[in-house]
Amino acid sequence: MQRIGVFVCWCGSNIAATVDVSAVAEAVKSEPGVVLATDYQYMCSEVGQAKIKDAIKEHGLTGVVICSCSPRMHEATFRKTAAAAGLNPYMVEIANIREQCSWIHKEKDEGTEKAIILAKAAIAKLNLNAPLTAGESPVTKRALVIGGGIAGIQTALDIADAGYEVDIVEKSPTIGGKMAQLDKTFPTLDCAACILTPKMVDAAQHEKIHLYTYSEVEKVSGFVGNFTVDIRKKARNVKEDLCTGCGVCMEKCPSKKAKSEFNMGLNTRSAVYVPFAQAVPNVPVIDHDACIHYKTGKCGLCEKSCPSNAIDFEQQDEIITREYGAIIAATGFNPIPMDDFDEYGYSQNPDVVTSLEFERLMNAAGPTKGVLLRPSDGKHPKTLVFVQCVGSRDTTECGKPYCSKICCMYTAKHAMLVREKYPDTEVYVFYIDVRTPGKNFDEFQRRAVEQYGVNYVKGMVGKVAEEDGVLHVQASDLISGTQMHIDADMVVLAAAIEPDKSARPLATMLTASMDTNDFFTEAHPKLRPVESPTAGVFLSGICQGPKDIPETVAQAGAAASKVIGLLAKDKLTCNPCVAGSDELLCNGCSACQNVCPYGAIEYVEKEINDHGVREMRRVAEVNEAVCQGCGACTVTCPSGAMDLKGFTNKQIMAEVDAICRN
Amino acid sequence: MPELNEQKSSSEFKPLIVAFCCNWCSYAGADLAGTSRLNYPANVKIIRVPCSCRVNPMFILRAFQRGADGVIINGCHPGDCHYSTGNYYARRRMALLFSMLEYLGIEKGRTRVEWVSAAEGQRFAQVMNEFAETIHNLGENKRLEDLRCKR
């Protein structure tokens with residue numbers, strides 16, 4: 001018989017307002033095994049934990065039930081408390097009477113009744129608990145960063161500086177990400193390339209960092225500390241070890257009509273190309289769709305002209321398998337497609353551009369060498385209209401319900417830069433709200449209005465129609481309540497941002513959860529913002545939610561520090577709630593082995609003493625270091641030999657019984 | 001909640017609903033429903049399991065045997081299982097079990113499998129409200145009650 005202590009937490013008024021905590025404590029006193037039931041304001045506080053420790057010692061408790069917040073919140077806390085008092089940490093059960101009771105129900109009698117039942121279920125389960133001992137698993141001291149933008153680069157640099165090996169996998173031919181495409185960065189207006197490219201070089205030259213560019217993660221298996229990852233290194237058809245980056249191949253390439261991805265399709269590039277001059281690594285790739293050799297089998301000018309014989313048309317994709325202790329997702333974002341927003345005529349008018357395209361048009365290394373020219377006729381635009389929140393805070397099907405966060409600031413930046421470079425231009429910004437929280441952010445936006453004379457208009461643009469090269473913009477001014485007609489030369493759309501499309505399949509591979517917008521979910525939105533709920537998977541940058549560069553860098557550092565904390569350990573404590581087979585009951589059918597997603601079950605020939613009869617039998621054996629405790633095998637087992645520690649058949653049955661007893 | 005008030009005034013029948021939630025998605029979704037202060041009937045009682053594939057059909061039979069009026073299994077969305085494939089097993093097993101239960105006279109509406117992610121607190125509350133209403137309309141479950149358990 002267990003000696004159980006029940007501790008009911010008030011959580012201030014969070015629980016106590018809708019649950020009569022003393023009535024709960026009173027009601028469970030007569031439950032089997034309960035020797036003590038009490039309540040306290042904050043069980044998780046130092047005083048509350050001390051009460052638990054004292055009670056364990058004083059009453060010789062063998063198990064503890066805490067009626068409090070979700071076990072996802074404080075199970076670990078109370079397990080530590082129990083362990084500190086000499087109790088096995090797995091002799092602790094939590095009845096979730098906050099998130100799943102007091103916060104859900106409004107009436108006190110209802111809440112109290114439910115809390116009592118939940119407490120009784122936890123007691124019933126605890127009566128069948130057995131002390132568990134956690135095993136240990138080794139940690140591979142190497143981290144994998146997926147995504148080579150500023151988030152990934154910063155995370156990798158921080159981890160590598162702590163002395164651990166880091167690999168960066170980047171799907172495009174160069175690292176740098178979206179930040180490399182930007183012209184200036186708010187609120188200081190320093191040039192993006194000047195602050196990013198040194199970091200790219202640092203990452204490439206760091207002895208602890210290895211870059212896999214033009215590569216993608218193909219398969220992930222294993223668990224925290226022991227991931228095995230297959231990386232597909234796509235064929236560049238240019239040998240990285242031989243190429244000197246001289247650029248002769250790009251000059252000689254006769255196929256020069258492919259759209260430049262880096263310049264948002266605003267100009268063209270050759271079939272063999274580096275995305276931009278400062279690319280890291282500075283090794284071209286051959287675009288098979290554009291290359292004449294791959295289309296007709298002829299040409300081969302690049303091969304002939306390459307002074308170091310680096311061109312290799314026969315090169316194939318390569319699969320590299322490596323082991324990692326931690327994985328960091330830094331997959332970044334893209335602006336949403338503007339094709340569905342017919343009212344702005346983006347698809348019809350080349351002079352209606354997105355902000356990222358505008359960024360390239362303003363960039364000294366861009367298609368126009370930094371001179372602002374209309375894409376349609378190459379003339380200087382005199383009137384510019386910026387439209388904010390295109391697809392952001394938009395609950396219709398083509399939009400995104402969230403605020404993309406960066407658009408207010410970069411639009412102010414664009415407006416300011418245009419007015420500074422070309423004081424003769426007229427600039428309008430249409431906005432729903434101007435949201436500029438952040439250090440020196442609001443001052444920056446006000447400067448655009450007050451110092452640079454940008455016309456900020458509260459209201460949305462209803463229609464953009466082109467006539468003889470002039471864009472007729474119809475908009476409403478919500479403050480004066482009037483309709484506006486502006487004849488503009490260019491319209492710039494602040495398109496909402498969305499997670500990169502590669503994030504969803506990656507989340508599936510990592511078994512990391514995502515929200516409805518395909519942003520990665522944090523382990524806790526406030527207290528564990530850079531960790532995924534899946535142990536060993538960390539989040540960096542916009543893949544977790546919209547954020548600007550300073551925030552991304554801060555989060556990248558935070559993720560790195562969490563990874564360093566993990567890699568610094570030599571051993572990790574395993575989850576002891578793993579499957580185990582009863583050899584006497586096992587009939588050797590292999591059903592469990594077939595459903596196990598981790599390959600944790602093996603069959604062995606073993607001498608079994610079945611009530612005095614000794615015989616050789618084929619029985620299942622669980623590798624506890626590999627088992628993750630899902631329990632699929634327990635239900636599959638036809639003879640009932642398989643059970644899951646911590647969630648045994650009997651324990652769950654006892655919970656069902658306790659809930660149905662009333 | 002309108003359902004709640006209705007239940008109280010129109011009849012004394014308060015259905016007993018057992019909800020199995022997987023630790024990674026739906027249990028977290030249930031927590032989020034609480035954190036967001038959403039409402040669903042108090043007669044929904046949640047049992048935490050590591051994965052929806054841990055739910056043995058025996059647990060469901062036992063719940064009905066002991067007087068539950070409805071049983072719902074919640075897991076991660078297909079493809080999003082923390083253990084990669086658990087919810088697929090759960091889906092297949094429950095399809096078979098529910099079909100058998102219907103044969104035994106347990107209406108289809110009393111059993112349900114739902115996918116709720118950790119970010120779908122709203123959806124969790126909505127699913128529970130709908131399920132509770134369905135069970136309420138179906139009335140008390142008498143088919144699979146163990147008479148020996150009657151006090």
# chains A, B, ... in the order shown; residues from 1 in each chain; ligands from 1

$ residues_around --residues "range 108-122 of chain B" --least-positions-apart "3" --cutoff "6 Å" --atoms "only C-alpha atoms" --output "list in words"
Asp515 of chain A; Cys25, Ser26, Ala28, Gly29, Ala30, Leu32, Ala33, Gly70, Val71, Ile72, Ile73, Asn74, Gly75, Cys76, His77, Glu102 and Ala125 of chain B

$ interface_residues --of "chain B" --to "chain A" --cutoff "6 Å" --atoms "only C-alpha atoms" --output "list of chain:residue names"
B:Asp31, B:Gly34, B:Thr35, B:Arg37, B:Leu38, B:Asn39, B:Pro50, B:Cys51, B:Cys53, B:Arg54, B:Asn56, B:Ala63, B:Arg66, B:Asp80, B:His82, B:Ala119

$ write_last_selection --atoms "all heavy atoms" --output "compact mmCIF listing (two decimals), in the first residue's frame"
# COMPACT_ATOMS: atom_id res chain seq x y z
N ASP B 31 -4.54 22.41 -22.80
CA ASP B 31 -3.94 23.42 -21.90
C ASP B 31 -4.13 24.82 -22.47
O ASP B 31 -4.43 25.76 -21.75
CB ASP B 31 -2.45 23.14 -21.72
CG ASP B 31 -2.18 22.07 -20.68
OD1 ASP B 31 -3.15 21.62 -20.03
OD2 ASP B 31 -1.01 21.67 -20.52
N GLY B 34 -7.41 26.23 -21.90
CA GLY B 34 -7.49 26.76 -20.54
C GLY B 34 -6.80 28.10 -20.43
O GLY B 34 -7.36 29.06 -19.90
N THR B 35 -5.59 28.18 -20.97
CA THR B 35 -4.83 29.43 -20.91
C THR B 35 -5.60 30.55 -21.61
O THR B 35 -5.55 31.70 -21.20
CB THR B 35 -3.46 29.25 -21.58
OG1 THR B 35 -2.90 28.02 -21.12
CG2 THR B 35 -2.52 30.36 -21.24
N ARG B 37 -8.72 30.77 -21.62
CA ARG B 37 -9.98 30.89 -20.85
C ARG B 37 -11.22 30.58 -21.70
O ARG B 37 -12.22 31.27 -21.65
CB ARG B 37 -10.13 32.29 -20.25
CG ARG B 37 -8.93 32.79 -19.45
CD ARG B 37 -8.68 31.94 -18.22
NE ARG B 37 -7.84 32.63 -17.25
CZ ARG B 37 -6.50 32.67 -17.30
NH1 ARG B 37 -5.85 32.04 -18.26
NH2 ARG B 37 -5.83 33.30 -16.36
N LEU B 38 -11.11 29.52 -22.52
CA LEU B 38 -12.26 29.10 -23.30
C LEU B 38 -13.08 28.13 -22.45
O LEU B 38 -12.56 27.55 -21.51
CB LEU B 38 -11.80 28.41 -24.59
CG LEU B 38 -10.89 29.27 -25.48
CD1 LEU B 38 -10.30 28.44 -26.60
CD2 LEU B 38 -11.67 30.44 -26.05
N ASN B 39 -14.32 27.97 -22.79
CA ASN B 39 -15.18 27.10 -21.98
C ASN B 39 -15.58 25.85 -22.72
O ASN B 39 -15.79 25.87 -23.93
CB ASN B 39 -16.47 27.84 -21.59
CG ASN B 39 -16.17 29.05 -20.74
OD1 ASN B 39 -16.52 30.16 -21.09
ND2 ASN B 39 -15.49 28.84 -19.64
N PRO B 50 0.87 9.19 -23.60
CA PRO B 50 1.99 9.72 -24.38
C PRO B 50 1.62 9.98 -25.84
O PRO B 50 2.07 10.94 -26.44
CB PRO B 50 3.08 8.65 -24.26
CG PRO B 50 2.46 7.49 -23.62
CD PRO B 50 1.21 7.92 -22.94
N CYS B 51 0.79 9.09 -26.40
CA CYS B 51 0.47 9.20 -27.82
C CYS B 51 -0.91 8.58 -28.01
O CYS B 51 -1.31 7.72 -27.24
CB CYS B 51 1.51 8.42 -28.64
SG CYS B 51 1.17 8.36 -30.40
N CYS B 53 -1.69 6.46 -29.97
CA CYS B 53 -1.52 5.02 -30.21
C CYS B 53 -1.38 4.24 -28.91
O CYS B 53 -1.38 3.02 -28.91
CB CYS B 53 -0.33 4.74 -31.12
SG CYS B 53 1.26 5.01 -30.31
N ARG B 54 -1.26 4.95 -27.78
CA ARG B 54 -1.20 4.26 -26.48
C ARG B 54 -2.60 3.87 -26.01
O ARG B 54 -2.76 3.11 -25.06
CB ARG B 54 -0.53 5.18 -25.43
CG ARG B 54 -0.44 4.60 -24.02
CD ARG B 54 0.46 3.39 -23.97
NE ARG B 54 0.40 2.62 -22.71
CZ ARG B 54 -0.39 1.58 -22.52
NH1 ARG B 54 -1.23 1.20 -23.46
NH2 ARG B 54 -0.35 0.92 -21.38
N ASN B 56 -5.45 1.85 -25.67
CA ASN B 56 -5.83 0.47 -25.91
C ASN B 56 -7.35 0.41 -26.04
O ASN B 56 -8.05 1.03 -25.24
CB ASN B 56 -5.36 -0.38 -24.72
CG ASN B 56 -5.35 -1.84 -25.02
OD1 ASN B 56 -6.35 -2.36 -25.55
ND2 ASN B 56 -4.26 -2.51 -24.70
N ALA B 63 -14.28 2.16 -20.16
CA ALA B 63 -14.97 3.42 -19.87
C ALA B 63 -16.48 3.25 -20.08
O ALA B 63 -17.29 3.64 -19.23
CB ALA B 63 -14.43 4.54 -20.74
N ARG B 66 -18.00 1.12 -17.43
CA ARG B 66 -18.13 1.79 -16.14
C ARG B 66 -19.03 3.02 -16.22
O ARG B 66 -19.00 3.86 -15.32
CB ARG B 66 -16.76 2.19 -15.60
CG ARG B 66 -15.86 1.02 -15.28
CD ARG B 66 -16.38 0.29 -14.05
NE ARG B 66 -15.87 -1.08 -13.98
CZ ARG B 66 -14.88 -1.47 -13.19
NH1 ARG B 66 -14.29 -0.61 -12.42
NH2 ARG B 66 -14.50 -2.72 -13.17
N ASP B 80 1.83 14.78 -38.24
CA ASP B 80 2.50 15.59 -37.23
C ASP B 80 2.76 14.84 -35.93
O ASP B 80 3.10 15.45 -34.93
CB ASP B 80 1.66 16.84 -36.90
CG ASP B 80 1.66 17.82 -38.04
OD1 ASP B 80 2.45 17.62 -38.97
OD2 ASP B 80 0.87 18.78 -38.01
N HIS B 82 4.23 13.16 -32.86
CA HIS B 82 5.54 13.30 -32.23
C HIS B 82 6.37 12.04 -32.43
O HIS B 82 7.59 12.10 -32.47
CB HIS B 82 5.33 13.57 -30.74
CG HIS B 82 6.59 13.78 -29.97
ND1 HIS B 82 7.32 14.93 -30.05
CD2 HIS B 82 7.28 12.96 -29.15
CE1 HIS B 82 8.39 14.83 -29.29
NE2 HIS B 82 8.39 13.64 -28.73
N ALA B 119 -1.39 24.13 -30.92
CA ALA B 119 -1.71 25.54 -31.13
C ALA B 119 -3.21 25.76 -31.27
O ALA B 119 -3.65 26.88 -31.46
CB ALA B 119 -0.98 26.05 -32.37

$ select_by_dssp --residues "range 472-651 of chain A" --states "strand (DSSP E)" --output "PyMOL selection string"
chain A and resi 472-477+482-488+490-495+497-499+537-539+571-573+579-581+601-610+613-622+642-644

$ residues_around --residues "Ala50 in chain A" --least-positions-apart "5" --cutoff "12 Å" --atoms "only C-alpha atoms" --output "number ranges by chain"
A: 7, 40, 42-45, 55-58, 78, 80-82, 84-85

$ residues_around --residues "range 177-188 of chain A" --least-positions-apart "2" --cutoff "6 Å" --atoms "only C-alpha atoms" --output "list in words"
Gly149, Ile175, Asp190, Cys191, Ala192, Ala193, Glu359 and Asn363 of chain A

$ atom_distance --atom1 "CA of Asn226 in chain A" --atom2 "CA of Pro138 in chain A"
7.4 Å

$ closest_residue --among "A:Gly225, A:Gly152, A:Pro335, A:Gly33" --to "Leu539 in chain A" --atoms "only C-alpha atoms"
A:Gly152

$ atom_distance --atom1 "CA of Lys400 in chain A" --atom2 "CA of Ser347 in chain A"
19.6 Å

$ residues_around --residues "Ala329 in chain A" --least-positions-apart "3" --cutoff "8 Å" --atoms "only C-alpha atoms" --output "list of chain:residue names"
A:Val145, A:Ile146, A:Gly147, A:Gly152, A:Val537, A:Phe538, A:Leu539, A:Ser540, A:Cys543

$ write_last_selection --atoms "N, CA and C atoms" --output "mmCIF file, in the first residue's frame"
data_model
loop_
_atom_site.group_PDB
_atom_site.id
_atom_site.type_symbol
_atom_site.label_atom_id
_atom_site.label_comp_id
_atom_site.auth_asym_id
_atom_site.auth_seq_id
_atom_site.Cartn_x
_atom_site.Cartn_y
_atom_site.Cartn_z
ATOM 1 N N VAL A 145 22.650 23.243 -38.103
ATOM 2 C CA VAL A 145 21.819 24.419 -38.302
ATOM 3 C C VAL A 145 21.191 24.313 -39.691
ATOM 4 N N ILE A 146 19.867 24.349 -39.743
ATOM 5 C CA ILE A 146 19.193 24.231 -41.032
ATOM 6 C C ILE A 146 18.745 25.612 -41.470
ATOM 7 N N GLY A 147 19.406 26.135 -42.479
ATOM 8 C CA GLY A 147 19.128 27.492 -42.945
ATOM 9 C C GLY A 147 20.351 28.360 -42.725
ATOM 10 N N GLY A 152 20.648 31.567 -38.976
ATOM 11 C CA GLY A 152 21.470 30.363 -38.963
ATOM 12 C C GLY A 152 22.947 30.673 -38.788
ATOM 13 N N VAL A 537 15.555 19.930 -30.480
ATOM 14 C CA VAL A 537 15.278 20.768 -31.655
ATOM 15 C C VAL A 537 15.073 22.210 -31.179
ATOM 16 N N PHE A 538 15.813 23.134 -31.786
ATOM 17 C CA PHE A 538 15.787 24.527 -31.354
ATOM 18 C C PHE A 538 15.369 25.430 -32.508
ATOM 19 N N LEU A 539 14.909 26.631 -32.168
ATOM 20 C CA LEU A 539 14.348 27.518 -33.177
ATOM 21 C C LEU A 539 15.101 28.832 -33.215
ATOM 22 N N SER A 540 15.364 29.302 -34.423
ATOM 23 C CA SER A 540 16.104 30.536 -34.570
ATOM 24 C C SER A 540 15.503 31.327 -35.726
ATOM 25 N N CYS A 543 11.412 31.492 -38.610
ATOM 26 C CA CYS A 543 10.676 30.219 -38.643
ATOM 27 C C CYS A 543 9.815 30.054 -37.390
#

$ residues_around --residues "Val283 in chain A" --least-positions-apart "3" --cutoff "8 Å" --atoms "only C-alpha atoms" --output "VMD selection string"
chain A and resid 238 240 243 to 245 274 279 to 280

$ write_last_selection --atoms "all heavy atoms" --output "CSV table (one decimal), in the first residue's frame"
chain,number,residue,atom,x,y,z
A,238,VAL,N,30.0,21.9,-60.5
A,238,VAL,CA,31.3,22.7,-60.4
A,238,VAL,C,32.0,22.1,-59.2
A,238,VAL,O,31.4,22.1,-58.1
A,238,VAL,CB,31.0,24.2,-60.3
A,238,VAL,CG1,32.3,24.9,-60.2
A,238,VAL,CG2,30.2,24.7,-61.4
A,240,GLU,N,33.9,22.0,-56.1
A,240,GLU,CA,34.2,23.0,-55.1
A,240,GLU,C,35.6,23.1,-54.8
A,240,GLU,O,36.2,24.2,-54.5
A,240,GLU,CB,33.4,22.8,-53.8
A,240,GLU,CG,32.0,23.4,-53.8
A,240,GLU,CD,31.2,23.0,-52.5
A,240,GLU,OE1,30.6,21.9,-52.5
A,240,GLU,OE2,31.2,23.8,-51.6
A,243,CYS,N,37.4,24.9,-58.0
A,243,CYS,CA,37.0,26.2,-58.5
A,243,CYS,C,37.7,27.3,-57.7
A,243,CYS,O,37.8,27.2,-56.5
A,243,CYS,CB,35.5,26.3,-58.3
A,243,CYS,SG,34.9,28.0,-58.7
A,244,THR,N,38.1,28.3,-58.5
A,244,THR,CA,38.8,29.4,-57.8
A,244,THR,C,37.9,30.6,-57.8
A,244,THR,O,38.3,31.7,-57.2
A,244,THR,CB,40.1,29.8,-58.6
A,244,THR,OG1,39.7,30.1,-59.9
A,244,THR,CG2,41.1,28.7,-58.6
A,245,GLY,N,36.7,30.5,-58.3
A,245,GLY,CA,35.8,31.6,-58.3
A,245,GLY,C,36.1,32.8,-59.2
A,245,GLY,O,35.8,33.9,-59.0
A,274,VAL,N,26.7,32.4,-59.8
A,274,VAL,CA,26.7,32.6,-58.4
A,274,VAL,C,25.6,33.6,-58.2
A,274,VAL,O,25.5,34.6,-58.9
A,274,VAL,CB,28.0,33.1,-57.8
A,274,VAL,CG1,29.1,32.0,-57.8
A,274,VAL,CG2,28.5,34.3,-58.4
A,279,ALA,N,28.9,36.0,-52.8
A,279,ALA,CA,28.4,34.8,-52.3
A,279,ALA,C,29.4,33.9,-51.6
A,279,ALA,O,30.6,34.0,-51.9
A,279,ALA,CB,27.8,34.0,-53.5
A,280,VAL,N,29.0,33.2,-50.6
A,280,VAL,CA,29.9,32.3,-49.8
A,280,VAL,C,29.2,30.9,-49.8
A,280,VAL,O,28.1,30.8,-49.3
A,280,VAL,CB,30.0,32.8,-48.4
A,280,VAL,CG1,30.8,31.8,-47.6
A,280,VAL,CG2,30.8,34.1,-48.4

$ residues_around --residues "Val619 in chain A" --least-positions-apart "2" --cutoff "10 Å" --atoms "only C-alpha atoms" --output "PyMOL selection string"
chain A and resi 581-590+602-608+616-617+621+641

$ closest_residue --among "A:Ile486, A:Ile286, A:Leu266, A:Val352" --to "Cys249 in chain A" --atoms "only C-alpha atoms"
A:Ile286

$ closest_residue --among "A:Thr331, A:Asn609, A:Ser480, A:Gln544" --to "Leu506 in chain A" --atoms "only C-alpha atoms"
A:Thr331

$ select_by_dssp --residues "range 27-136 of chain B" --states "alpha helix (DSSP H)" --output "PyMOL selection string"
chain B and resi 27-35+57-65+86-104+121-136

$ atom_distance --atom1 "CA of Pro576 in chain A" --atom2 "CA of Ala76 in chain A"
13.5 Å

$ closest_residue --among "A:Thr321, A:Thr552, A:Ser561, A:Thr62" --to "Tyr164 in chain A" --atoms "only C-alpha atoms"
A:Ser561
